[in-house]
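> Sharing entry12.tsv below, TSV, C-alpha atoms:
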chain	number	residue	atom	x	y	z
A	731	MET	CA	30.52	23.61	-141.10
A	732	LYS	CA	27.45	22.56	-143.14
A	733	LYS	CA	29.33	23.29	-146.35
A	734	HIS	CA	32.15	21.01	-145.28
A	735	LEU	CA	29.78	18.21	-144.39
A	736	ILE	CA	28.10	18.42	-147.81
A	737	PHE	CA	31.52	18.33	-149.42
A	738	VAL	CA	32.48	15.23	-147.42
A	739	LEU	CA	29.18	13.48	-148.22
A	740	PHE	CA	29.61	14.26	-151.94
A	741	ALA	CA	33.15	12.82	-151.89
A	742	VAL	CA	31.86	9.66	-150.13
A	743	PHE	CA	29.11	9.27	-152.75
A	744	LEU	CA	31.61	9.59	-155.59
A	745	SER	CA	33.94	6.99	-154.04
A	746	VAL	CA	31.16	4.48	-153.41
A	747	SER	CA	29.68	4.85	-156.90
A	748	ALA	CA	33.11	4.41	-158.50
A	749	ALA	CA	33.90	1.36	-156.37
A	750	ALA	CA	30.61	-0.30	-157.40
A	751	ALA	CA	31.62	-0.42	-161.07
A	752	ASP	CA	34.68	-2.65	-160.89
A	753	GLU	CA	34.60	-5.63	-163.28
A	754	PRO	CA	34.03	-5.05	-167.00
A	755	THR	CA	30.63	-6.54	-167.84
A	756	VAL	CA	28.76	-6.97	-171.10
A	757	ILE	CA	25.44	-8.51	-172.05
A	758	VAL	CA	26.32	-10.96	-174.79
A	759	THR	CA	25.03	-10.31	-178.28
A	760	GLN	CA	25.15	-13.25	-180.66
A	761	TYR	CA	27.67	-12.87	-183.50
A	762	GLU	CA	29.38	-9.94	-181.75
A	763	ASN	CA	33.10	-10.37	-181.16
A	764	TYR	CA	34.55	-8.76	-178.06
A	765	MET	CA	38.08	-7.77	-177.20
A	766	CYS	CA	38.97	-8.57	-173.59
A	767	GLY	CA	41.97	-6.33	-173.06
A	768	ASP	CA	44.45	-6.47	-175.91
A	769	GLN	CA	45.15	-10.18	-175.80
A	770	PHE	CA	41.90	-12.08	-176.25
A	771	GLU	CA	39.08	-11.88	-178.70
A	772	ILE	CA	35.98	-13.80	-177.68
A	773	SER	CA	32.54	-14.39	-179.11
A	774	PHE	CA	29.52	-16.53	-178.34
A	775	PRO	CA	28.13	-17.81	-181.64
A	776	GLU	CA	25.20	-19.71	-180.08
A	777	VAL	CA	22.69	-19.27	-177.33
A	778	ILE	CA	23.60	-21.27	-174.22
A	779	VAL	CA	21.82	-24.63	-174.09
A	780	THR	CA	20.67	-26.87	-171.23
A	781	SER	CA	20.17	-30.55	-171.91
A	782	SER	CA	20.38	-33.96	-170.31
A	783	GLN	CA	23.08	-35.19	-172.66
A	784	VAL	CA	25.80	-33.48	-174.67
A	785	SER	CA	27.32	-35.26	-177.63
A	786	ASN	CA	28.73	-34.64	-181.04
A	787	ALA	CA	28.97	-36.96	-184.03
A	788	SER	CA	31.75	-39.05	-182.56
A	789	ARG	CA	31.18	-39.25	-178.80
A	790	VAL	CA	28.91	-38.57	-175.85
A	791	HIS	CA	30.61	-35.94	-173.73
A	792	ALA	CA	28.40	-36.09	-170.62
A	793	ASN	CA	25.07	-37.35	-169.23
A	794	ALA	CA	23.08	-35.54	-166.57
A	795	GLU	CA	22.01	-37.39	-163.42
A	796	LYS	CA	18.72	-36.85	-161.58
A	797	ASP	CA	18.10	-33.19	-160.61
A	798	GLU	CA	20.95	-32.06	-162.81
A	799	ARG	CA	21.22	-30.34	-166.15
A	800	LEU	CA	24.12	-29.93	-168.48
A	801	LEU	CA	24.71	-26.42	-169.65
A	802	SER	CA	26.81	-25.93	-172.79
A	803	VAL	CA	28.43	-22.70	-173.78
A	804	ARG	CA	30.07	-22.42	-177.19
A	805	ILE	CA	32.79	-19.82	-177.42
A	806	LYS	CA	35.16	-18.72	-180.10
A	807	LEU	CA	38.44	-17.55	-178.70
A	808	ARG	CA	41.36	-15.84	-180.34
A	809	ASN	CA	44.71	-15.61	-178.61
A	810	MET	CA	46.13	-12.27	-179.74
A	811	THR	CA	49.55	-12.81	-178.17
A	812	SER	CA	52.50	-14.02	-180.16
A	813	ASP	CA	52.77	-17.24	-178.14
A	814	ILE	CA	50.94	-20.52	-178.07
A	815	LEU	CA	48.59	-20.53	-175.13
A	816	HIS	CA	49.28	-23.73	-173.29
A	817	GLY	CA	47.32	-25.43	-170.54
A	818	MET	CA	44.51	-22.99	-169.96
A	819	SER	CA	42.92	-24.01	-166.67
A	820	LYS	CA	39.24	-24.72	-166.14
A	821	GLU	CA	39.08	-21.79	-163.70
A	822	SER	CA	39.50	-19.55	-166.72
A	823	PHE	CA	35.83	-20.20	-167.57
A	824	GLN	CA	33.70	-19.78	-164.45
A	825	LEU	CA	29.96	-20.04	-164.96
A	826	ILE	CA	27.79	-18.26	-162.41
A	827	GLY	CA	24.08	-18.89	-161.96
A	828	HIS	CA	21.74	-16.87	-159.79
A	829	VAL	CA	18.43	-17.43	-158.11
A	830	ARG	CA	16.94	-14.85	-155.79
A	831	ASP	CA	19.85	-13.83	-153.50
A	832	ARG	CA	21.93	-16.95	-154.15
A	833	SER	CA	24.73	-17.43	-156.64
A	834	ILE	CA	26.63	-20.60	-157.46
A	835	SER	CA	29.69	-20.77	-159.65
A	836	TYR	CA	30.87	-23.76	-161.63
A	837	VAL	CA	33.96	-24.72	-163.59
A	838	PRO	CA	33.44	-26.70	-166.80
A	839	GLU	CA	33.39	-30.47	-166.55
A	840	VAL	CA	34.36	-30.81	-170.19
A	841	ILE	CA	36.22	-28.44	-172.47
A	842	THR	CA	36.39	-29.63	-176.03
A	843	HIS	CA	36.89	-28.44	-179.55
A	844	THR	CA	33.37	-27.96	-180.90
A	845	ASP	CA	33.71	-29.85	-184.16
A	846	TYR	CA	36.64	-32.04	-183.40
A	847	PHE	CA	36.17	-35.72	-184.09
A	848	GLY	CA	39.61	-37.16	-183.37
A	849	SER	CA	41.74	-37.25	-180.27
A	850	GLY	CA	45.23	-36.31	-179.19
A	851	ASN	CA	45.39	-33.39	-181.54
A	852	TYR	CA	47.52	-30.41	-180.61
A	853	TYR	CA	44.98	-27.94	-181.88
A	854	THR	CA	42.59	-28.02	-178.93
A	855	TYR	CA	41.81	-25.63	-176.11
A	856	ASP	CA	44.92	-26.91	-174.38
A	857	ASN	CA	47.22	-25.43	-177.00
A	858	ILE	CA	45.70	-22.34	-178.49
A	859	PRO	CA	47.95	-20.99	-181.21
A	860	PRO	CA	48.25	-17.26	-181.75
A	861	LEU	CA	45.72	-15.47	-183.91
A	862	ARG	CA	43.66	-18.46	-185.03
A	863	MET	CA	40.09	-18.40	-183.80
A	864	VAL	CA	39.42	-21.64	-181.91
A	865	ASP	CA	35.94	-23.00	-181.43
A	866	ILE	CA	35.46	-24.40	-177.93
A	867	MET	CA	32.54	-26.10	-176.22
A	868	LEU	CA	32.31	-25.73	-172.43
A	869	ILE	CA	30.04	-28.18	-170.63
A	870	TYR	CA	28.90	-27.56	-167.05
A	871	ARG	CA	26.89	-29.81	-164.71
A	872	VAL	CA	24.48	-27.40	-163.04
A	873	ASN	CA	21.51	-27.06	-160.74
A	874	PRO	CA	18.39	-26.46	-162.92
A	875	ILE	CA	16.80	-23.94	-160.54
A	876	LEU	CA	19.46	-21.34	-161.32
A	877	ILE	CA	18.83	-18.60	-163.86
A	878	ASN	CA	20.52	-15.44	-165.12
A	879	TRP	CA	23.65	-17.22	-166.19
A	880	GLU	CA	26.91	-15.38	-166.73
A	881	LEU	CA	30.44	-16.42	-167.62
A	882	ARG	CA	33.46	-14.97	-165.87
A	883	PHE	CA	36.34	-15.20	-168.32
A	884	SER	CA	39.71	-14.86	-166.60
A	885	PRO	CA	42.34	-16.78	-168.56
A	886	GLN	CA	44.86	-18.61	-166.41
A	887	VAL	CA	47.61	-21.00	-167.35
A	888	GLY	CA	47.29	-24.50	-165.96
A	889	GLY	CA	50.87	-25.67	-166.37
A	890	ASP	CA	53.92	-23.61	-165.57
A	891	SER	CA	56.67	-25.60	-167.21
A	892	ASN	CA	58.25	-25.46	-170.63
A	893	TYR	CA	56.74	-27.71	-173.21
A	894	THR	CA	57.26	-28.89	-176.74
A	895	LEU	CA	54.83	-28.96	-179.60
A	896	LYS	CA	55.88	-31.35	-182.33
A	897	THR	CA	59.56	-30.42	-182.63
A	898	VAL	CA	59.43	-26.88	-181.24
A	899	SER	CA	60.06	-25.86	-177.62
A	900	TYR	CA	58.09	-23.09	-175.99
A	901	GLU	CA	58.56	-21.07	-172.83
A	902	PRO	CA	55.54	-20.31	-170.65
A	903	MET	CA	53.91	-17.10	-171.77
A	904	ASP	CA	53.05	-13.95	-169.85
A	905	TRP	CA	50.00	-11.90	-170.51
A	906	GLU	CA	48.21	-8.92	-169.16
A	907	PRO	CA	45.38	-10.08	-166.93
A	908	CYS	CA	42.00	-9.94	-168.59
A	909	GLU	CA	38.87	-10.57	-166.61
A	910	GLY	CA	35.39	-9.94	-167.85
A	911	LEU	CA	31.85	-10.91	-167.03
A	912	PHE	CA	29.69	-11.96	-169.97
A	913	GLN	CA	25.99	-12.06	-169.17
A	914	PHE	CA	23.74	-14.30	-171.25
A	915	PRO	CA	20.34	-12.83	-172.10
A	916	LEU	CA	18.85	-16.09	-173.43
A	917	MET	CA	18.92	-19.81	-172.80
A	918	ARG	CA	17.64	-22.63	-174.99
A	919	THR	CA	16.28	-25.94	-173.75
A	920	GLY	CA	17.98	-28.63	-175.81
A	921	GLU	CA	15.09	-31.13	-175.83
A	922	THR	CA	12.29	-28.76	-176.84
A	923	GLY	CA	14.09	-25.82	-178.41
A	924	ASP	CA	12.22	-23.43	-176.08
A	925	LEU	CA	13.96	-20.13	-175.45
A	926	THR	CA	14.01	-18.55	-172.00
A	927	ARG	CA	14.81	-14.85	-171.77
A	928	PHE	CA	16.38	-13.72	-168.51
A	929	VAL	CA	15.13	-10.62	-166.75
A	930	ARG	CA	17.82	-8.87	-164.74
B	1412	MET	CA	37.12	20.26	-136.96
B	1413	LYS	CA	37.41	22.14	-140.23
B	1414	LYS	CA	40.81	20.57	-140.87
B	1415	ILE	CA	39.50	17.07	-140.16
B	1416	CYS	CA	36.62	17.62	-142.60
B	1417	HIS	CA	39.05	18.82	-145.23
B	1418	PHE	CA	41.28	15.83	-144.64
B	1419	ILE	CA	38.38	13.33	-144.91
B	1420	ALA	CA	37.02	15.00	-148.04
B	1421	PHE	CA	40.44	15.09	-149.61
B	1422	SER	CA	41.00	11.39	-148.80
B	1423	PHE	CA	37.71	10.34	-150.41
B	1424	LEU	CA	38.35	12.52	-153.45
B	1425	LEU	CA	41.77	10.89	-153.80
B	1426	LEU	CA	40.10	7.46	-153.54
B	1427	PHE	CA	37.63	8.45	-156.24
B	1428	LEU	CA	40.37	9.67	-158.55
B	1429	LEU	CA	42.38	6.48	-157.99
B	1430	SER	CA	39.32	4.36	-158.74
B	1431	LEU	CA	39.03	6.10	-162.11
B	1432	ILE	CA	42.25	4.40	-163.16
B	1433	PRO	CA	41.04	0.99	-164.44
B	1434	ALA	CA	42.12	-1.70	-161.98
B	1435	HIS	CA	42.70	-4.25	-164.74
B	1436	GLY	CA	44.15	-1.84	-167.27
B	1437	PHE	CA	41.66	-3.07	-169.90
B	1438	ASP	CA	38.06	-3.06	-170.91
B	1439	ILE	CA	35.73	-5.21	-172.96
B	1440	ILE	CA	34.81	-3.61	-176.24
B	1441	PRO	CA	33.25	-4.96	-179.44
B	1442	SER	CA	36.04	-6.03	-181.78
B	1443	LYS	CA	34.80	-3.69	-184.50
B	1444	GLU	CA	35.78	-0.77	-182.25
B	1445	TYR	CA	39.26	-2.17	-181.61
B	1446	PRO	CA	42.12	-0.53	-183.55
B	1447	PHE	CA	43.38	-3.56	-185.46
B	1448	PRO	CA	45.97	-2.83	-188.17
B	1449	ASP	CA	44.20	-1.65	-191.33
B	1450	GLY	CA	46.28	-3.84	-193.63
B	1451	SER	CA	47.64	-0.93	-195.67
B	1452	ASP	CA	51.15	-2.36	-195.34
B	1453	LEU	CA	50.08	-5.67	-196.87
B	1454	PRO	CA	50.34	-6.29	-200.62
B	1455	PRO	CA	47.10	-5.82	-202.59
B	1456	VAL	CA	44.84	-8.63	-203.77
B	1457	LEU	CA	45.72	-10.12	-207.13
B	1458	ASN	CA	42.45	-10.96	-208.84
B	1459	VAL	CA	41.97	-13.98	-211.04
B	1460	GLY	CA	43.29	-13.46	-214.57
B	1461	VAL	CA	45.46	-10.43	-213.76
B	1462	PRO	CA	49.17	-11.07	-214.45
B	1463	ILE	CA	51.90	-9.58	-212.29
B	1464	GLU	CA	55.51	-9.26	-213.45
B	1465	CYS	CA	58.49	-10.61	-211.59
B	1466	GLY	CA	61.82	-10.27	-213.44
B	1467	ASN	CA	61.70	-12.51	-216.48
B	1468	TYR	CA	58.48	-14.11	-215.33
B	1469	LYS	CA	54.83	-13.27	-215.06
B	1470	ILE	CA	52.45	-15.04	-212.71
B	1471	GLN	CA	48.68	-15.01	-212.65
B	1472	LEU	CA	45.87	-16.89	-210.99
B	1473	ILE	CA	43.85	-18.95	-213.41
B	1474	ALA	CA	41.02	-19.71	-210.98
B	1475	GLN	CA	39.78	-18.83	-207.52
B	1476	PRO	CA	41.82	-20.58	-204.79
B	1477	VAL	CA	40.19	-23.74	-203.46
B	1478	ILE	CA	40.53	-25.15	-199.93
B	1479	SER	CA	39.73	-28.79	-199.49
B	1480	LYS	CA	40.22	-31.38	-196.75
B	1481	SER	CA	41.08	-34.17	-199.15
B	1482	MET	CA	42.55	-34.47	-202.58
B	1483	HIS	CA	42.98	-37.57	-204.69
B	1484	ALA	CA	41.81	-39.65	-201.72
B	1485	ILE	CA	44.55	-38.23	-199.51
B	1486	VAL	CA	43.30	-36.44	-196.41
B	1487	ALA	CA	45.26	-33.48	-195.03
B	1488	ASP	CA	46.88	-33.98	-191.61
B	1489	ASP	CA	45.40	-32.83	-188.32
B	1490	ASP	CA	43.31	-29.67	-188.63
B	1491	MET	CA	44.94	-28.65	-191.88
B	1492	LYS	CA	43.45	-28.55	-195.34
B	1493	TYR	CA	44.88	-28.29	-198.81
B	1494	MET	CA	44.96	-24.94	-200.57
B	1495	ILE	CA	44.99	-25.49	-204.33
B	1496	LEU	CA	46.08	-22.62	-206.52
B	1497	ARG	CA	45.89	-22.87	-210.28
B	1498	VAL	CA	48.49	-20.48	-211.63
B	1499	GLY	CA	49.92	-19.51	-214.99
B	1500	ILE	CA	53.65	-18.74	-215.06
B	1501	THR	CA	54.90	-17.03	-218.21
B	1502	ASN	CA	58.53	-16.97	-219.30
B	1503	ASN	CA	59.21	-13.43	-220.56
B	1504	GLY	CA	62.90	-14.15	-221.18
B	1505	GLU	CA	64.60	-15.25	-224.33
B	1506	GLU	CA	65.68	-18.68	-223.17
B	1507	ALA	CA	63.75	-21.68	-222.04
B	1508	VAL	CA	63.71	-22.15	-218.27
B	1509	GLY	CA	62.97	-25.18	-216.19
B	1510	TRP	CA	63.29	-26.70	-212.76
B	1511	LEU	CA	61.77	-23.91	-210.69
B	1512	THR	CA	62.46	-24.94	-207.11
B	1513	PRO	CA	59.62	-25.55	-204.61
B	1514	ASP	CA	60.85	-22.65	-202.46
B	1515	SER	CA	60.06	-20.29	-205.34
B	1516	PHE	CA	56.58	-20.30	-203.76
B	1517	GLU	CA	55.75	-19.42	-200.17
B	1518	LEU	CA	52.42	-18.78	-198.56
B	1519	ARG	CA	51.81	-16.73	-195.41
B	1520	GLU	CA	48.67	-16.55	-193.32
B	1521	VAL	CA	46.93	-13.28	-192.51
B	1522	TYR	CA	44.88	-12.79	-189.35
B	1523	ARG	CA	43.40	-9.43	-188.47
B	1524	ASN	CA	45.67	-7.91	-191.12
B	1525	ARG	CA	48.77	-9.32	-189.45
B	1526	LEU	CA	51.11	-11.76	-191.16
B	1527	TYR	CA	51.58	-15.02	-189.37
B	1528	GLY	CA	52.67	-18.60	-190.22
B	1529	LYS	CA	54.70	-19.46	-193.30
B	1530	THR	CA	53.84	-22.47	-195.43
B	1531	ASN	CA	56.09	-23.99	-198.03
B	1532	LEU	CA	54.84	-25.58	-201.20
B	1533	ASN	CA	53.74	-29.18	-200.80
B	1534	SER	CA	55.69	-30.22	-203.87
B	1535	LEU	CA	54.65	-33.86	-203.73
B	1536	MET	CA	50.93	-33.07	-203.72
B	1537	SER	CA	51.45	-30.37	-206.35
B	1538	ALA	CA	53.08	-32.91	-208.65
B	1539	ARG	CA	50.42	-35.49	-207.87
B	1540	ILE	CA	47.50	-33.21	-208.70
B	1541	SER	CA	49.29	-32.04	-211.87
B	1542	ALA	CA	49.40	-35.64	-213.04
B	1543	GLY	CA	45.75	-36.15	-212.09
B	1544	TYR	CA	44.63	-33.26	-214.28
B	1545	SER	CA	47.18	-33.97	-217.06
B	1546	LEU	CA	48.85	-30.65	-216.36
B	1547	LYS	CA	52.56	-30.01	-216.25
B	1548	THR	CA	54.27	-29.76	-212.86
B	1549	PHE	CA	55.60	-26.47	-211.47
B	1550	TYR	CA	59.15	-27.52	-212.30
B	1551	ALA	CA	58.42	-28.26	-215.98
B	1552	ALA	CA	60.35	-26.35	-218.66
B	1553	ILE	CA	58.80	-23.11	-219.97
B	1554	ASP	CA	59.73	-21.94	-223.46
B	1555	PRO	CA	60.21	-18.21	-224.11
B	1556	GLY	CA	56.89	-16.42	-224.35
B	1557	GLN	CA	54.99	-19.50	-223.20
B	1558	MET	CA	52.81	-19.91	-220.15
B	1559	LEU	CA	53.00	-22.91	-217.83
B	1560	LEU	CA	49.62	-23.82	-216.39
B	1561	THR	CA	50.18	-25.68	-213.15
B	1562	PRO	CA	48.50	-26.30	-209.79
B	1563	LEU	CA	50.27	-25.41	-206.55
B	1564	VAL	CA	49.26	-27.13	-203.32
B	1565	PHE	CA	49.92	-25.87	-199.79
B	1566	ASP	CA	48.94	-27.32	-196.39
B	1567	VAL	CA	47.06	-24.57	-194.58
B	1568	PHE	CA	44.97	-23.91	-191.51
B	1569	PRO	CA	41.60	-23.02	-193.05
B	1570	GLU	CA	40.75	-20.54	-190.25
B	1571	ALA	CA	43.21	-18.00	-191.62
B	1572	GLU	CA	41.50	-14.85	-192.83
B	1573	GLY	CA	43.70	-14.41	-195.88
B	1574	TRP	CA	46.89	-15.52	-197.56
B	1575	ILE	CA	49.85	-13.77	-199.12
B	1576	LEU	CA	51.76	-15.63	-201.83
B	1577	THR	CA	55.42	-14.82	-202.38
B	1578	PHE	CA	56.74	-15.76	-205.80
B	1579	SER	CA	60.52	-15.62	-206.03
B	1580	PRO	CA	61.32	-17.68	-209.14
B	1581	HIS	CA	64.64	-19.42	-209.23
B	1582	VAL	CA	65.99	-22.70	-210.51
B	1583	PHE	CA	68.10	-25.20	-208.62
B	1584	GLY	CA	71.57	-23.95	-207.78
B	1585	GLU	CA	70.63	-20.26	-208.12
B	1586	GLU	CA	69.48	-17.55	-205.74
B	1587	ALA	CA	66.19	-15.78	-206.43
B	1588	ALA	CA	66.90	-12.41	-208.05
B	1589	ASP	CA	63.36	-11.06	-208.01
B	1590	SER	CA	60.37	-11.52	-205.80
B	1591	VAL	CA	56.75	-10.47	-205.89
B	1592	GLN	CA	54.04	-10.69	-203.24
B	1593	PHE	CA	50.30	-10.56	-203.56
B	1594	ARG	CA	47.24	-11.30	-201.50
B	1595	LEU	CA	45.03	-14.13	-202.72
B	1596	PRO	CA	41.38	-13.44	-203.50
B	1597	LYS	CA	38.71	-15.13	-201.39
B	1598	ALA	CA	39.08	-18.90	-201.40
B	1599	LEU	CA	36.30	-21.40	-202.07
B	1600	ILE	CA	36.19	-23.65	-199.01
B	1601	GLN	CA	34.98	-27.18	-199.72
Would you encode the structure as structure tokens?

Amino acid sequence: MKKHLIFVLFAVFLSVSAAAADEPTVIVTQYENYMCGDQFEISFPEVIVTSSQVSNASRVHANAEKDERLLSVRIKLRNMTSDILHGMSKESFQLIGHVRDRSISYVPEVITHTDYFGSGNYYTYDNIPPLRMVDIMLIYRVNPILINWELRFSPQVGGDSNYTLKTVSYEPMDWEPCEGLFQFPLMRTGETGDLTRFVR
Amino acid sequence: MKKICHFIAFSFLLLFLLSLIPAHGFDIIPSKEYPFPDGSDLPPVLNVGVPIECGNYKIQLIAQPVISKSMHAIVADDDMKYMILRVGITNNGEEAVGWLTPDSFELREVYRNRLYGKTNLNSLMSARISAGYSLKTFYAAIDPGQMLLTPLVFDVFPEAEGWILTFSPHVFGEEAADSVQFRLPKALIQ
């Protein structure tokens, strides 16, 4: 009888421990490229930054209000499928912040090409061509008390209709689901340049 | 009781085994560990100054490829840039040839050792830059045994990780009889 109970308890332990490790998770290393499944290559070339304003040479993307911060995440993304990735939704890039036992998740307020100065171009996050590495800036409006930031990357298509790009028509694409959690070990304060290392 | 215990244990073991099968069917791994194609099926790099034969012609790169956003005060469209190749094309035949067509030259992008987009020669810009540098255009006549020094211009996406040039020389009204492919050496990006 005892033997059987031990056997049962061991089986329960194995099941619970296996169930705990569900979502693929990595702690982000700068300059490291990651493959998420077979269809996306992603990297984080810069430390995440909090600031009160995000702008590039041609425009101000966002301003923080009182008790808010803007958190920018720069990613490089490569679509490894043979189709143009059209209309990626904001839910594809969920940012999660933690403090004590609380977690809050955000979707980006702005998604923009990092170095893009024009407008209306087809080569933005909204139309990611196959194989080319695109450089995207994600800007989130967040609560400054949160720490231990992580990004849940789960690419989803925003639109579901056919579309045309210049003179070519495309069908919506299918892909294998890819969902991964990328944990950021560091954060930089935009105004002072101070680095904060997260302890997990 | 014994049977119930066995049943419960067996159920949990089954659950454990099922959980070993990845739910998403994928994992996150560093790209350097991912089995990308090794590129062994791609043509080799043709270094500057090394001629390669193609039927009655020989082609060689005279200088390292250059990628530039603007040329002669003309800015490339959208996110594209100009790829400028300075090539030497030698006529190994016994008769003078001329009027090589623009589609004698084709460029293809390489990403992760996979071939992707095709780009045709921008013949207008090629002719324009030839005039700017007092060089002959790609369609100029080449006497037997002589080399034509000419620039070739392509509109490219600069993010590509490499380029393959296909040279299939033919004049207007004729089909290309021979073709040669080579990978370009590293480009200077301006």
> Please, what is the axis-aligned box for every listed atom of region 913-922 of chain A with 8 Å on each side, as centre and edge lengths in Å to one decimal, as AutoDock Vina command-line options?

--center_x 19.1 --center_y -21.6 --center_z -173.0 --size_x 29.7 --size_y 35.1 --size_z 23.7
> What separation in Å, quoted to one decimal, exists between CA of Phe928 (chain A) and CA of Trp879 (chain A)?
8.4 Å
> Kindly give the distance, in Å, that separates CA of Ile1500 (chain B) and CA of Gly1528 (chain B), rounded to a single decimal.
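Answer for the CA of Ile1500 (chain B) to CA of Gly1528 (chain B) separation: 24.9 Å.
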> So how many Å separate CA of Ile1478 (chain B) and CA of Pro775 (chain A), to one decimal?
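CA of Ile1478 (chain B) sits 23.3 Å away from CA of Pro775 (chain A).
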> From the list B:Val1508, B:Leu1526, B:Ala1587, B:Leu1576, which residue is nearest chain A when using all atoms listed in the file?
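Using all atoms listed in the file, the shortest distance to chain A belongs to B:Leu1526.
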> Which one is closest to chain B: A:Val758, A:Ile877, A:Met917, A:Leu925? Count all atoms listed in the file.
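Of A:Val758, A:Ile877, A:Met917, A:Leu925, the one nearest chain B is A:Val758, counting all atoms listed in the file.
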> Would you pick out the contacts of region 1588-1598 of chain B at 8 Å or less, using only C-alpha atoms, so that residues sharing its chain but fewer than 5 positions from it are not included, and give the list as a ChimeraX atom specification?
/B:1453-1459,1464-1466,1475-1478,1573-1581
> For a quick check of understanding, using only C-alpha atoms, which of B:Ile1553, B:Ala1487, B:Leu1599, B:Ala1571 has the smallest distance to chain A?
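Under the stated criterion, the closest residue is B:Ala1571.
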> Hey, which of A:Ser835, A:Gln760, A:Gln824, A:Thr780 ends up closest to chain B? Count all atoms listed in the file.
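So, comparing all the options, the nearest one is A:Gln760.
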> For Val1567 (chain B), which of B:Arg1497, B:Arg1539, B:Lys1480, B:Arg1525 is the closest residue, counting all atoms listed in the file?
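Checking each candidate against Val1567 (chain B), we get B:Lys1480 as the closest.
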> Which is closer to chain B than all the others in A:Leu861, A:Ile869, A:Leu876, A:Ile814, using only C-alpha atoms?
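Comparing A:Leu861, A:Ile869, A:Leu876, A:Ile814 against chain B, the winner is A:Leu861.
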> Near Arg799 (chain A), within 7 Å and counting all atoms listed in the file, which residues show up once chain neighbours fewer than 4 positions away are dropped, as a list in words?
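In the requested format, the answer is Thr780, Ser781, Ser782, Ala794, Arg871, Val872, Asn873 and Pro874 of chain A.
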> If we count all atoms listed in the file, what is near Cys908 (chain A) at a cut-off of 10 Å, once residues fewer than 5 positions away on the same chain are taken out, given as a list in words?
Pro754, Met765, Cys766, Gly767, Asp768, Gln769, Phe770, Phe883, Ser884, Pro885 and Gln886 of chain A; His1435, Gly1436, Phe1437, Asp1438 and Ile1439 of chain B
> Using all atoms listed in the file, list the residues that have an atom at most 12 Å from (58.4, -18.0, -224.8), coordinates as in the file, as a list in words.
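Within 12 Å of (58.4, -18.0, -224.8), the protein and nucleic acid residues are Asn1467, Tyr1468, Lys1469, Ile1500, Thr1501, Asn1502, Asn1503, Gly1504, Glu1505, Glu1506, Ala1507, Val1508, Ala1552, Ile1553, Asp1554, Pro1555, Gly1556, Gln1557, Met1558 and Leu1559 of chain B.
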